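Next comes final09.csv, a file with CSV, C-alpha atoms.
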chain,number,residue,atom,x,y,z
A,1,MET,CA,-1.0,1.8,4.8
A,2,PHE,CA,-0.4,2.9,8.4
A,3,LEU,CA,2.9,1.6,9.7
A,4,LEU,CA,4.3,1.2,13.2
A,5,ALA,CA,7.9,2.3,13.0
A,6,VAL,CA,9.2,0.3,16.0
A,7,ASN,CA,13.0,0.3,15.7
A,8,CYS,CA,14.2,2.7,13.0
A,9,ARG,CA,17.8,3.2,13.9
A,10,LEU,CA,20.6,0.8,13.0
A,11,ALA,CA,24.1,0.8,14.2
A,12,HIS,CA,26.8,0.0,11.6
A,13,ARG,CA,30.0,-1.9,11.9
A,14,SER,CA,32.4,-2.7,9.0
A,15,GLY,CA,29.6,-2.0,6.5
A,16,SER,CA,27.2,-4.6,8.1
A,17,GLN,CA,24.1,-4.0,10.1
A,18,PHE,CA,23.6,-5.4,13.6
A,19,CYS,CA,21.3,-5.0,16.5
A,20,ARG,CA,22.2,-4.8,20.2
A,21,HIS,CA,20.4,-7.7,21.9
A,22,SER,CA,18.3,-7.1,25.0
A,23,SER,CA,16.5,-9.6,27.2
A,24,THR,CA,13.4,-7.4,27.5
A,25,PHE,CA,11.3,-5.5,24.9
A,26,LYS,CA,8.1,-3.7,24.5
A,27,ARG,CA,4.8,-5.0,23.1
A,28,ALA,CA,1.4,-3.5,22.5
A,29,PHE,CA,-1.1,-5.8,24.3
A,30,LEU,CA,-4.8,-6.0,23.5
A,31,GLU,CA,-6.1,-7.1,26.9
A,32,LYS,CA,-9.8,-6.6,26.2
A,33,PHE,CA,-11.8,-6.2,23.0
A,34,GLN,CA,-12.9,-2.7,22.2
A,35,LYS,CA,-10.4,-1.3,24.6
A,36,PRO,CA,-7.1,0.7,23.9
A,37,LEU,CA,-3.9,-1.3,23.6
A,38,THR,CA,-1.4,-1.1,26.4
A,39,ILE,CA,2.4,-0.9,26.1
A,40,GLN,CA,4.2,-3.4,28.4
A,41,GLU,CA,7.8,-4.5,28.8
A,42,VAL,CA,8.2,-8.2,28.7
A,43,LYS,CA,11.0,-10.8,28.8
A,44,GLU,CA,12.0,-12.5,25.5
A,45,GLU,CA,10.7,-16.0,24.8
A,46,LYS,CA,13.0,-19.0,24.1
A,47,LEU,CA,13.4,-20.2,20.5
A,48,ASN,CA,12.2,-23.6,19.3
A,49,ASP,CA,14.0,-25.4,16.4
A,50,GLY,CA,13.4,-23.7,13.1
A,51,GLU,CA,12.6,-20.3,14.6
A,52,ALA,CA,14.2,-16.9,14.4
A,53,ARG,CA,14.1,-13.9,16.6
A,54,ILE,CA,13.4,-10.7,14.6
A,55,LYS,CA,14.1,-7.2,15.8
A,56,VAL,CA,11.0,-5.5,14.3
A,57,HIS,CA,11.6,-2.3,12.4
A,58,CYS,CA,8.1,-1.7,10.8
A,59,CYS,CA,4.8,-3.5,11.2
A,60,SER,CA,1.7,-2.8,9.1
A,61,ILE,CA,-1.7,-2.2,10.6
A,62,ASN,CA,-4.0,-4.3,8.4
A,63,PRO,CA,-7.8,-4.3,8.4
A,64,SER,CA,-7.9,-7.6,10.3
A,65,ASP,CA,-5.8,-6.0,13.1
A,66,VAL,CA,-8.3,-3.2,13.4
A,67,LEU,CA,-11.3,-5.5,13.4
A,68,LEU,CA,-9.6,-7.8,16.0
A,69,THR,CA,-9.4,-4.9,18.5
A,70,GLN,CA,-13.1,-4.4,18.0
A,71,GLY,CA,-13.9,-8.1,18.8
A,72,VAL,CA,-14.3,-9.4,15.3
A,73,ASN,CA,-12.2,-12.5,15.7
A,74,PRO,CA,-12.8,-15.3,13.2
A,75,ALA,CA,-9.4,-16.9,14.0
A,76,LYS,CA,-10.5,-17.1,17.6
A,77,PHE,CA,-7.4,-15.5,19.1
A,78,SER,CA,-7.7,-15.3,22.9
A,79,VAL,CA,-6.9,-12.1,24.8
A,80,PRO,CA,-4.5,-10.8,25.9
A,81,VAL,CA,-2.9,-10.9,22.5
A,82,VAL,CA,-0.3,-8.8,20.6
A,83,PRO,CA,-1.8,-7.9,17.2
A,84,GLY,CA,0.2,-7.4,14.0
A,85,TYR,CA,1.4,-10.1,11.6
A,86,GLU,CA,3.1,-8.4,8.6
A,87,PHE,CA,6.4,-6.8,9.5
A,88,THR,CA,10.1,-6.3,8.6
A,89,GLY,CA,13.2,-6.3,10.6
A,90,ILE,CA,16.6,-7.9,11.3
A,91,VAL,CA,17.2,-11.4,12.5
A,92,THR,CA,19.1,-11.3,15.9
A,93,GLU,CA,19.0,-15.0,16.8
A,94,VAL,CA,18.2,-18.3,15.1
A,95,LYS,CA,17.8,-21.9,16.3
A,96,LYS,CA,18.5,-24.6,13.7
A,97,CYS,CA,17.3,-22.6,10.7
A,98,LYS,CA,18.3,-23.6,7.2
A,99,ASP,CA,17.6,-20.5,5.2
A,100,VAL,CA,17.7,-17.6,7.7
A,101,ALA,CA,20.8,-16.3,9.5
A,102,LYS,CA,21.6,-13.7,12.1
A,103,GLY,CA,21.9,-10.3,10.6
A,104,ASP,CA,19.5,-10.9,7.7
A,105,ARG,CA,17.1,-8.2,6.6
A,106,VAL,CA,13.7,-9.9,6.4
A,107,VAL,CA,10.0,-9.7,6.0
A,108,ALA,CA,7.7,-12.0,7.9
A,109,LEU,CA,4.1,-13.1,8.1
A,110,SER,CA,3.0,-14.3,11.6
A,111,LYS,CA,-0.6,-15.1,11.0
A,112,ASP,CA,-0.7,-18.1,13.4
A,113,LYS,CA,0.2,-16.2,16.6
A,114,LEU,CA,0.5,-12.6,15.5
A,115,GLY,CA,2.9,-10.5,17.7
A,116,GLY,CA,4.1,-7.9,15.3
A,117,PHE,CA,3.2,-4.8,17.4
A,118,ALA,CA,6.4,-5.3,19.4
A,119,GLY,CA,10.1,-4.6,19.6
A,120,GLU,CA,10.8,-8.2,18.6
A,121,CYS,CA,8.9,-11.2,17.4
A,122,VAL,CA,9.7,-14.9,17.2
A,123,VAL,CA,8.7,-16.5,13.9
A,124,ASN,CA,9.1,-19.9,12.2
A,125,GLU,CA,11.5,-19.6,9.3
A,126,LYS,CA,8.9,-20.9,6.9
A,127,ASP,CA,7.1,-17.6,7.3
A,128,ILE,CA,10.2,-15.5,6.7
A,129,TRP,CA,11.6,-14.1,3.4
A,130,LEU,CA,14.8,-12.2,2.7
A,131,LEU,CA,14.1,-8.5,2.0
A,132,PRO,CA,15.8,-7.3,-1.2
A,133,SER,CA,18.5,-4.7,-0.5
A,134,ASN,CA,16.7,-2.0,-2.5
A,135,VAL,CA,13.4,-2.5,-0.6
A,136,SER,CA,13.1,-0.4,2.5
A,137,PHE,CA,11.8,-1.7,5.8
A,138,GLU,CA,8.7,0.6,5.4
A,139,GLU,CA,7.8,-0.7,1.9
A,140,GLY,CA,8.5,-4.3,2.8
A,141,ALA,CA,6.1,-4.2,5.7
A,142,ALA,CA,3.3,-2.8,3.5
A,143,LEU,CA,3.8,-5.2,0.6
A,144,VAL,CA,3.5,-9.0,0.9
A,145,ASP,CA,0.1,-9.8,2.3
A,146,SER,CA,-2.1,-7.6,0.0
A,147,PHE,CA,0.1,-7.9,-3.1
A,148,GLY,CA,0.6,-11.7,-2.6
A,149,THR,CA,-3.2,-12.1,-2.3
A,150,ALA,CA,-3.7,-10.0,-5.5
A,151,LEU,CA,-1.1,-12.0,-7.4
A,152,LEU,CA,-2.8,-15.3,-6.3
A,153,GLY,CA,-6.2,-14.1,-7.4
A,154,LEU,CA,-5.3,-12.4,-10.7
A,155,SER,CA,-2.5,-14.8,-11.9
A,156,HIS,CA,-3.0,-18.2,-10.4
A,157,ARG,CA,-6.8,-18.3,-10.3
A,158,ALA,CA,-8.0,-15.9,-13.0
A,159,GLN,CA,-5.1,-16.4,-15.4
A,160,LEU,CA,-5.1,-12.7,-16.3
A,161,LYS,CA,-3.6,-11.7,-19.6
A,162,GLU,CA,-2.3,-8.5,-21.2
A,163,LYS,CA,-5.0,-6.1,-22.4
A,164,GLN,CA,-7.8,-8.0,-20.7
A,165,ILE,CA,-10.3,-5.9,-18.8
A,166,VAL,CA,-10.4,-6.1,-15.0
A,167,LEU,CA,-13.1,-4.5,-12.8
A,168,ILE,CA,-11.6,-3.9,-9.3
A,169,THR,CA,-13.7,-2.7,-6.3
A,170,PHE,CA,-11.8,-0.7,-3.8
A,171,ALA,CA,-11.7,-1.5,-0.1
A,172,PRO,CA,-8.5,-0.1,1.5
A,173,VAL,CA,-5.3,-2.1,1.0
A,174,HIS,CA,-6.4,-5.0,-1.2
A,175,GLY,CA,-8.0,-3.0,-4.0
A,176,TYR,CA,-5.0,-0.9,-4.5
A,177,ALA,CA,-2.6,-3.9,-4.6
A,178,ALA,CA,-4.8,-5.5,-7.2
A,179,LEU,CA,-4.7,-2.3,-9.3
A,180,ASP,CA,-0.9,-2.2,-9.2
A,181,ILE,CA,-0.6,-5.9,-10.1
A,182,ALA,CA,-3.2,-5.8,-12.9
A,183,ALA,CA,-2.1,-2.5,-14.5
A,184,HIS,CA,1.7,-2.6,-14.1
A,185,VAL,CA,2.6,-6.3,-14.1
A,186,PHE,CA,0.0,-7.8,-16.4
A,187,LYS,CA,-0.6,-4.6,-18.5
A,188,ALA,CA,-4.4,-5.2,-18.2
A,189,LYS,CA,-7.0,-2.5,-18.5
A,190,VAL,CA,-8.4,-1.7,-15.1
A,191,ILE,CA,-11.9,-0.2,-14.3
A,192,ALA,CA,-11.5,1.0,-10.7
A,193,VAL,CA,-14.7,1.4,-8.6
A,194,CYS,CA,-14.3,3.2,-5.2
A,195,MET,CA,-16.8,4.5,-2.7
A,196,ASN,CA,-16.3,8.2,-3.1
A,197,GLU,CA,-15.5,10.7,-5.9
A,198,GLU,CA,-12.4,12.0,-4.1
A,199,ASP,CA,-10.5,8.8,-4.7
A,200,THR,CA,-11.1,8.5,-8.4
A,201,GLU,CA,-8.3,10.8,-9.4
A,202,LYS,CA,-5.8,9.0,-7.2
A,203,LEU,CA,-6.7,5.7,-8.9
A,204,ARG,CA,-6.2,7.2,-12.4
A,205,GLU,CA,-2.8,8.5,-11.4
A,206,ARG,CA,-1.9,4.9,-10.3
A,207,GLY,CA,-2.8,3.4,-13.6
A,208,ALA,CA,-6.5,2.8,-13.8
A,209,TRP,CA,-8.0,2.9,-17.3
A,210,SER,CA,-11.3,4.1,-16.0
A,211,THR,CA,-12.5,5.2,-12.5
A,212,MET,CA,-15.8,5.9,-10.9
A,213,ALA,CA,-17.5,6.3,-7.5
A,214,TYR,CA,-19.9,3.3,-7.1
A,215,SER,CA,-23.4,3.3,-8.2
A,216,GLU,CA,-24.9,0.1,-9.8
A,217,SER,CA,-26.4,1.9,-12.8
A,218,GLN,CA,-23.2,3.9,-13.6
A,219,MET,CA,-21.0,0.8,-13.2
A,220,MET,CA,-23.1,-1.3,-15.5
A,221,ALA,CA,-23.3,1.4,-18.1
A,222,VAL,CA,-19.5,2.0,-18.1
A,223,VAL,CA,-18.7,-1.7,-18.3
A,224,SER,CA,-21.2,-2.2,-21.1
A,225,LYS,CA,-19.6,0.7,-23.1
A,226,LEU,CA,-16.0,-0.2,-22.5
A,227,THR,CA,-16.5,-3.9,-23.2
A,228,LYS,CA,-18.9,-3.4,-26.1
A,229,LYS,CA,-21.6,-5.2,-24.0
A,230,GLN,CA,-19.4,-8.3,-23.5
A,231,GLY,CA,-18.6,-7.8,-19.8
A,232,VAL,CA,-15.2,-7.7,-18.1
A,233,ASP,CA,-12.8,-10.6,-18.2
A,234,VAL,CA,-12.1,-10.5,-14.4
A,235,VAL,CA,-13.8,-9.0,-11.4
A,236,TYR,CA,-11.5,-8.5,-8.3
A,237,ASP,CA,-13.9,-7.7,-5.5
A,238,THR,CA,-12.9,-6.5,-2.0
A,239,LEU,CA,-16.2,-5.0,-0.9
A,240,ALA,CA,-18.7,-7.9,-1.1
A,241,GLY,CA,-22.4,-7.1,-0.2
A,242,GLU,CA,-24.5,-5.3,-2.7
A,243,VAL,CA,-21.4,-4.2,-4.7
A,244,LEU,CA,-20.5,-7.8,-5.4
A,245,LYS,CA,-24.1,-8.5,-6.4
A,246,SER,CA,-23.8,-5.7,-9.0
A,247,CYS,CA,-20.5,-7.1,-10.2
A,248,LEU,CA,-22.2,-10.4,-11.0
A,249,LYS,CA,-23.9,-8.5,-13.8
A,250,CYS,CA,-20.7,-7.1,-15.2
A,251,VAL,CA,-18.6,-10.3,-15.9
A,252,ARG,CA,-18.4,-11.9,-19.4
A,253,HIS,CA,-19.3,-15.4,-20.3
A,254,GLU,CA,-16.7,-17.8,-18.7
A,255,GLY,CA,-15.1,-14.9,-16.9
A,256,ASN,CA,-13.7,-14.9,-13.4
A,257,ILE,CA,-14.8,-13.3,-10.2
A,258,ILE,CA,-12.2,-13.2,-7.4
A,259,ILE,CA,-13.2,-12.3,-3.8
A,260,ALA,CA,-10.4,-11.1,-1.6
A,261,GLY,CA,-9.6,-8.9,1.3
A,262,TYR,CA,-11.1,-8.7,4.8
A,263,THR,CA,-14.6,-7.4,5.1
A,264,LEU,CA,-17.5,-7.7,7.5
A,265,LYS,CA,-20.0,-7.8,4.6
A,266,GLU,CA,-21.6,-11.0,3.5
A,267,LEU,CA,-22.0,-12.6,0.1
A,268,PRO,CA,-25.1,-11.3,-1.6
A,269,GLN,CA,-28.4,-13.1,-1.6
A,270,VAL,CA,-28.9,-14.4,-5.1
A,271,SER,CA,-31.5,-16.9,-6.2
A,272,ILE,CA,-30.6,-19.9,-8.3
A,273,SER,CA,-32.9,-18.8,-11.1
A,274,GLU,CA,-31.2,-15.3,-11.1
A,275,MET,CA,-27.7,-16.9,-11.2
A,276,LEU,CA,-28.7,-19.1,-14.1
A,277,SER,CA,-29.9,-16.1,-16.0
A,278,LEU,CA,-26.4,-14.6,-15.9
A,279,PRO,CA,-23.5,-15.6,-18.1
A,280,SER,CA,-21.6,-18.6,-16.9
A,281,PHE,CA,-18.6,-17.6,-14.8
A,282,SER,CA,-16.3,-18.8,-12.0
A,283,ILE,CA,-16.3,-17.3,-8.5
A,284,THR,CA,-13.3,-17.9,-6.2
A,285,GLY,CA,-12.2,-16.7,-2.8
A,286,VAL,CA,-8.5,-16.3,-2.2
A,287,SER,CA,-6.3,-15.7,0.9
A,288,LEU,CA,-2.7,-16.3,1.7
A,289,THR,CA,-3.7,-18.0,4.9
A,290,SER,CA,-5.6,-20.6,3.0
A,291,TYR,CA,-2.7,-21.3,0.6
A,292,ARG,CA,-0.3,-21.5,3.5
A,293,LYS,CA,-2.5,-24.4,4.8
A,294,HIS,CA,-3.4,-26.1,1.6
A,295,ASN,CA,-0.6,-25.3,-0.9
A,296,PHE,CA,2.5,-24.2,1.1
A,297,GLN,CA,4.8,-24.2,-2.0
A,298,MET,CA,2.5,-21.7,-3.7
A,299,TYR,CA,2.3,-19.5,-0.6
A,300,ARG,CA,6.1,-19.3,-0.5
A,301,GLN,CA,6.4,-18.7,-4.2
A,302,VAL,CA,3.8,-15.9,-4.5
A,303,VAL,CA,5.5,-13.9,-1.7
A,304,SER,CA,8.9,-14.4,-3.3
A,305,ASP,CA,7.4,-13.2,-6.7
A,306,VAL,CA,6.0,-10.1,-5.1
A,307,LEU,CA,9.3,-9.2,-3.5
A,308,GLU,CA,11.0,-9.7,-6.9
A,309,MET,CA,8.4,-7.5,-8.6
A,310,LYS,CA,9.1,-4.8,-6.0
A,311,GLU,CA,12.9,-5.2,-6.5
A,312,GLN,CA,12.4,-4.6,-10.2
A,313,GLY,CA,10.3,-1.5,-9.6
A,314,LEU,CA,7.0,-2.9,-11.0
A,315,ILE,CA,4.9,-2.4,-7.9
A,316,THR,CA,4.8,0.1,-5.1
A,317,PRO,CA,2.7,0.0,-1.9
A,318,MET,CA,0.9,3.1,-0.8
A,319,ILE,CA,1.8,4.1,2.8
A,320,SER,CA,-0.6,6.6,4.4
A,321,SER,CA,1.1,7.4,7.7
A,322,LYS,CA,3.8,6.1,10.1
A,323,PHE,CA,3.4,6.0,13.9
A,324,SER,CA,5.7,4.9,16.7
A,325,LEU,CA,4.7,2.0,18.9
A,326,ALA,CA,3.9,4.4,21.7
A,327,LYS,CA,1.3,6.0,19.5
A,328,ILE,CA,-0.5,2.8,18.5
A,329,ASN,CA,-3.8,3.9,19.8
A,330,GLU,CA,-3.6,7.2,17.9
A,331,ALA,CA,-3.0,5.2,14.7
A,332,PHE,CA,-6.2,3.1,15.3
A,333,GLU,CA,-8.2,6.2,15.9
A,334,GLU,CA,-7.1,7.8,12.7
A,335,ILE,CA,-7.9,4.6,10.8
A,336,LYS,CA,-11.4,4.6,12.2
A,337,GLN,CA,-11.9,8.2,11.1
A,338,ASN,CA,-10.4,7.9,7.6
A,339,ASN,CA,-11.2,5.2,5.1
A,340,LEU,CA,-7.9,5.6,3.2
A,341,LEU,CA,-6.8,3.7,0.1
A,342,GLY,CA,-3.3,3.2,1.4
A,343,LYS,CA,-2.2,0.4,3.7
A,344,TYR,CA,-2.2,1.1,7.4

Could you rewrite the structure in this file as structure tokens?
Amino acid sequence: MFLLAVNCRLAHRSGSQFCRHSSTFKRAFLEKFQKPLTIQEVKEEKLNDGEARIKVHCCSINPSDVLLTQGVNPAKFSVPVVPGYEFTGIVTEVKKCKDVAKGDRVVALSKDKLGGFAGECVVNEKDIWLLPSNVSFEEGAALVDSFGTALLGLSHRAQLKEKQIVLITFAPVHGYAALDIAAHVFKAKVIAVCMNEEDTEKLRERGAWSTMAYSESQMMAVVSKLTKKQGVDVVYDTLAGEVLKSCLKCVRHEGNIIIAGYTLKELPQVSISEMLSLPSFSITGVSLTSYRKHNFQMYRQVVSDVLEMKEQGLITPMISSKFSLAKINEAFEEIKQNNLLGKY
């Protein structure tokens, strides 16, 4: 993951952490689609009941942030807008919050209004979680969205079990999180499919049982051999398009296909007769945004579970690079040039 390290220095007093409060702060504005972001100093906004002001320490650059700057905007955010929704920091002010207090180390998801590419951000407490003491600001900001989505898909929807076989296709961010959850939490056997040969060794090092660069014929041959022609128990697809169409031929009878991540590609065109010639399976799309709307308790719980897994050392996000807020446009350029497995 690429991270914006916004406020990395903390003052210490009597063993506790605090932040000096300022009435102004810097934000990275997207004023026009397909244009560089601009850094501006703005006045702080007032809090509403149930909100907390967070001094942002690190904010991840997720694929949806990159696509938003290019004008791909399914959530219909209007410009100017401050991108960034997954970040960590310290609470500097609260207004009638029940579970968040000034001085708390926290991680937040601000998917409704974004705002994370900034020195501070105001968030409703329902989208804030306490950051475990042994989890750094950097790791916390690279963790909850992709790993929470993977946990929803693999555990809640696919009911993954130990020693089952999972086929994971690798787009940056979400594919890696699914590998970590499947291999290290559920002790499943992971067949990892990426888009180039260079990444296969990295995926083996992170716990994949088998790895390959994508080609339909090779993938089907490997799956057939490793599953004794039965097909995999679960497919976790983050690529869609023709790759997903190939995956339809790799899942066992009554297996599960989970679609996750953020991609521009469409679902494959498959005729009804072709679908009915395949084994019977379930196909489900998962996103934290959807669960926040339709099953808020599950949304809260899955992020809490991910933080606990990290606290116990079961999972580790991959961080590719860190940039200061002033170098936000350099970060976006590097992301466009390098299709990395780590989170941005």

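The nearest approach to A:Ile328 among the residues A:Ala158, A:Ala188, A:Leu37, A:Val173, with only C-alpha atoms taken into account, belongs to A:Leu37.
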
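From atom CA of A:Leu244 back to atom CA of A:Val306, the distance works out to 26.6 Å.
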
* With a distance cut-off of 8 Å and all atoms listed in the file, select the neighbouring residues of stretch 127-144 of chain A, excluding the residue or stretch itself and same-chain residues fewer than 6 positions from it, and output the selection as a ChimeraX atom specification. => /A:1,3,5,57-60,86-89,100,104-110,303-304,306-308,310-311,316-319,343-344

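Between A:Ala52 and the candidates A:Gly103, A:Pro36, A:Pro83, A:Pro268, the tightest atom-to-atom separation, counting only C-alpha atoms, involves A:Gly103.
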
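Residue neighbourhood of A:Lys327, excluding near-sequence residues (fewer than 2 positions): Leu4, Ala5, Ala28, Leu37, Ile39, Lys322, Phe323, Ser324, Leu325, Asn329, Glu330, Ala331 and Phe332 of chain A, at 10 Å, using all atoms listed in the file.
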
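If you look at atom CA of A:Ala208 and atom CA of A:Ile191, they are 6.2 Å away from each other.
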
* Extract, using all atoms listed in the file, all DNA, RNA and protein residues at most 6 Å from stretch 166-172 of chain A, discarding same-chain residues fewer than 6 positions from it, and format them as a VMD selection string. => chain A and resid 190 to 194 232 234 to 239 340 to 341

Taking all atoms of stretch 146-164 of chain A that the file lists and extending 8 Å past them on each side, where is the centre of the axis-aligned box and how long are its edges? Answer in Å to one decimal, as AutoDock Vina command-line options.
--center_x -3.7 --center_y -12.2 --center_z -11.2 --size_x 24.6 --size_y 28.2 --size_z 38.4

* Within 9 Å of A:Lys249, counting only C-alpha atoms, which residues qualify if same-chain residues fewer than 6 places away don't, as a PyMOL selection string? -> chain A and resi 220+231+278-279

Complete the atom set of stretch 309-336 of chain A to N, CA and C atoms and return it as a PDB file, in the frame of the given file.
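This went into rebuild_31.pdb:
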ATOM      1  N   MET A 309       9.080  -8.525  -7.829  1.00  0.00           N
ATOM      2  CA  MET A 309       8.400  -7.500  -8.600  1.00  0.00           C
ATOM      3  C   MET A 309       8.758  -6.087  -7.989  1.00  0.00           C
ATOM      4  N   LYS A 310       8.761  -6.015  -6.661  1.00  0.00           N
ATOM      5  CA  LYS A 310       9.100  -4.800  -6.000  1.00  0.00           C
ATOM      6  C   LYS A 310      10.581  -4.418  -6.264  1.00  0.00           C
ATOM      7  N   GLU A 311      11.448  -5.418  -6.210  1.00  0.00           N
ATOM      8  CA  GLU A 311      12.900  -5.200  -6.500  1.00  0.00           C
ATOM      9  C   GLU A 311      13.091  -4.633  -7.870  1.00  0.00           C
ATOM     10  N   GLN A 312      12.257  -5.063  -8.822  1.00  0.00           N
ATOM     11  CA  GLN A 312      12.400  -4.600 -10.200  1.00  0.00           C
ATOM     12  C   GLN A 312      11.637  -3.291 -10.456  1.00  0.00           C
ATOM     13  N   GLY A 313      10.951  -2.769  -9.444  1.00  0.00           N
ATOM     14  CA  GLY A 313      10.300  -1.500  -9.600  1.00  0.00           C
ATOM     15  C   GLY A 313       8.911  -1.572 -10.269  1.00  0.00           C
ATOM     16  N   LEU A 314       8.319  -2.772 -10.332  1.00  0.00           N
ATOM     17  CA  LEU A 314       7.000  -2.900 -11.000  1.00  0.00           C
ATOM     18  C   LEU A 314       5.853  -2.528 -10.147  1.00  0.00           C
ATOM     19  N   ILE A 315       5.982  -2.657  -8.840  1.00  0.00           N
ATOM     20  CA  ILE A 315       4.900  -2.400  -7.900  1.00  0.00           C
ATOM     21  C   ILE A 315       5.367  -1.498  -6.780  1.00  0.00           C
ATOM     22  N   THR A 316       4.442  -0.748  -6.198  1.00  0.00           N
ATOM     23  CA  THR A 316       4.800   0.100  -5.100  1.00  0.00           C
ATOM     24  C   THR A 316       3.616   0.218  -4.119  1.00  0.00           C
ATOM     25  N   PRO A 317       3.813  -0.164  -2.869  1.00  0.00           N
ATOM     26  CA  PRO A 317       2.700   0.000  -1.900  1.00  0.00           C
ATOM     27  C   PRO A 317       2.465   1.410  -1.541  1.00  0.00           C
ATOM     28  N   MET A 318       1.226   1.708  -1.201  1.00  0.00           N
ATOM     29  CA  MET A 318       0.900   3.100  -0.800  1.00  0.00           C
ATOM     30  C   MET A 318       0.851   3.100   0.752  1.00  0.00           C
ATOM     31  N   ILE A 319       1.670   3.974   1.318  1.00  0.00           N
ATOM     32  CA  ILE A 319       1.800   4.100   2.800  1.00  0.00           C
ATOM     33  C   ILE A 319       1.155   5.458   3.159  1.00  0.00           C
ATOM     34  N   SER A 320       0.132   5.417   3.994  1.00  0.00           N
ATOM     35  CA  SER A 320      -0.600   6.600   4.400  1.00  0.00           C
ATOM     36  C   SER A 320       0.103   7.403   5.478  1.00  0.00           C
ATOM     37  N   SER A 321       0.511   6.700   6.533  1.00  0.00           N
ATOM     38  CA  SER A 321       1.100   7.400   7.700  1.00  0.00           C
ATOM     39  C   SER A 321       1.992   6.378   8.445  1.00  0.00           C
ATOM     40  N   LYS A 322       2.902   6.924   9.261  1.00  0.00           N
ATOM     41  CA  LYS A 322       3.800   6.100  10.100  1.00  0.00           C
ATOM     42  C   LYS A 322       3.625   6.605  11.575  1.00  0.00           C
ATOM     43  N   PHE A 323       3.570   5.657  12.491  1.00  0.00           N
ATOM     44  CA  PHE A 323       3.400   6.000  13.900  1.00  0.00           C
ATOM     45  C   PHE A 323       4.474   5.163  14.691  1.00  0.00           C
ATOM     46  N   SER A 324       4.891   5.705  15.815  1.00  0.00           N
ATOM     47  CA  SER A 324       5.700   4.900  16.700  1.00  0.00           C
ATOM     48  C   SER A 324       4.851   3.953  17.485  1.00  0.00           C
ATOM     49  N   LEU A 325       5.482   2.947  18.087  1.00  0.00           N
ATOM     50  CA  LEU A 325       4.700   2.000  18.900  1.00  0.00           C
ATOM     51  C   LEU A 325       3.977   2.642  20.014  1.00  0.00           C
ATOM     52  N   ALA A 326       4.565   3.679  20.592  1.00  0.00           N
ATOM     53  CA  ALA A 326       3.900   4.400  21.700  1.00  0.00           C
ATOM     54  C   ALA A 326       2.627   5.055  21.299  1.00  0.00           C
ATOM     55  N   LYS A 327       2.471   5.313  19.998  1.00  0.00           N
ATOM     56  CA  LYS A 327       1.300   6.000  19.500  1.00  0.00           C
ATOM     57  C   LYS A 327       0.328   5.066  18.770  1.00  0.00           C
ATOM     58  N   ILE A 328       0.367   3.790  19.121  1.00  0.00           N
ATOM     59  CA  ILE A 328      -0.500   2.800  18.500  1.00  0.00           C
ATOM     60  C   ILE A 328      -1.943   3.131  18.524  1.00  0.00           C
ATOM     61  N   ASN A 329      -2.415   3.610  19.656  1.00  0.00           N
ATOM     62  CA  ASN A 329      -3.800   3.900  19.800  1.00  0.00           C
ATOM     63  C   ASN A 329      -4.240   5.124  18.936  1.00  0.00           C
ATOM     64  N   GLU A 330      -3.325   6.075  18.759  1.00  0.00           N
ATOM     65  CA  GLU A 330      -3.600   7.200  17.900  1.00  0.00           C
ATOM     66  C   GLU A 330      -3.741   6.717  16.431  1.00  0.00           C
ATOM     67  N   ALA A 331      -2.921   5.746  16.048  1.00  0.00           N
ATOM     68  CA  ALA A 331      -3.000   5.200  14.700  1.00  0.00           C
ATOM     69  C   ALA A 331      -4.391   4.533  14.488  1.00  0.00           C
ATOM     70  N   PHE A 332      -4.860   3.777  15.460  1.00  0.00           N
ATOM     71  CA  PHE A 332      -6.200   3.100  15.300  1.00  0.00           C
ATOM     72  C   PHE A 332      -7.289   4.130  15.251  1.00  0.00           C
ATOM     73  N   GLU A 333      -7.195   5.207  15.992  1.00  0.00           N
ATOM     74  CA  GLU A 333      -8.200   6.200  15.900  1.00  0.00           C
ATOM     75  C   GLU A 333      -8.264   6.900  14.561  1.00  0.00           C
ATOM     76  N   GLU A 334      -7.092   7.162  13.997  1.00  0.00           N
ATOM     77  CA  GLU A 334      -7.100   7.800  12.700  1.00  0.00           C
ATOM     78  C   GLU A 334      -7.614   6.847  11.607  1.00  0.00           C
ATOM     79  N   ILE A 335      -7.326   5.560  11.742  1.00  0.00           N
ATOM     80  CA  ILE A 335      -7.900   4.600  10.800  1.00  0.00           C
ATOM     81  C   ILE A 335      -9.386   4.559  10.843  1.00  0.00           C
ATOM     82  N   LYS A 336      -9.938   4.603  12.047  1.00  0.00           N
ATOM     83  CA  LYS A 336     -11.400   4.600  12.200  1.00  0.00           C
ATOM     84  C   LYS A 336     -12.051   5.807  11.570  1.00  0.00           C
TER      85      LYS A 336
END
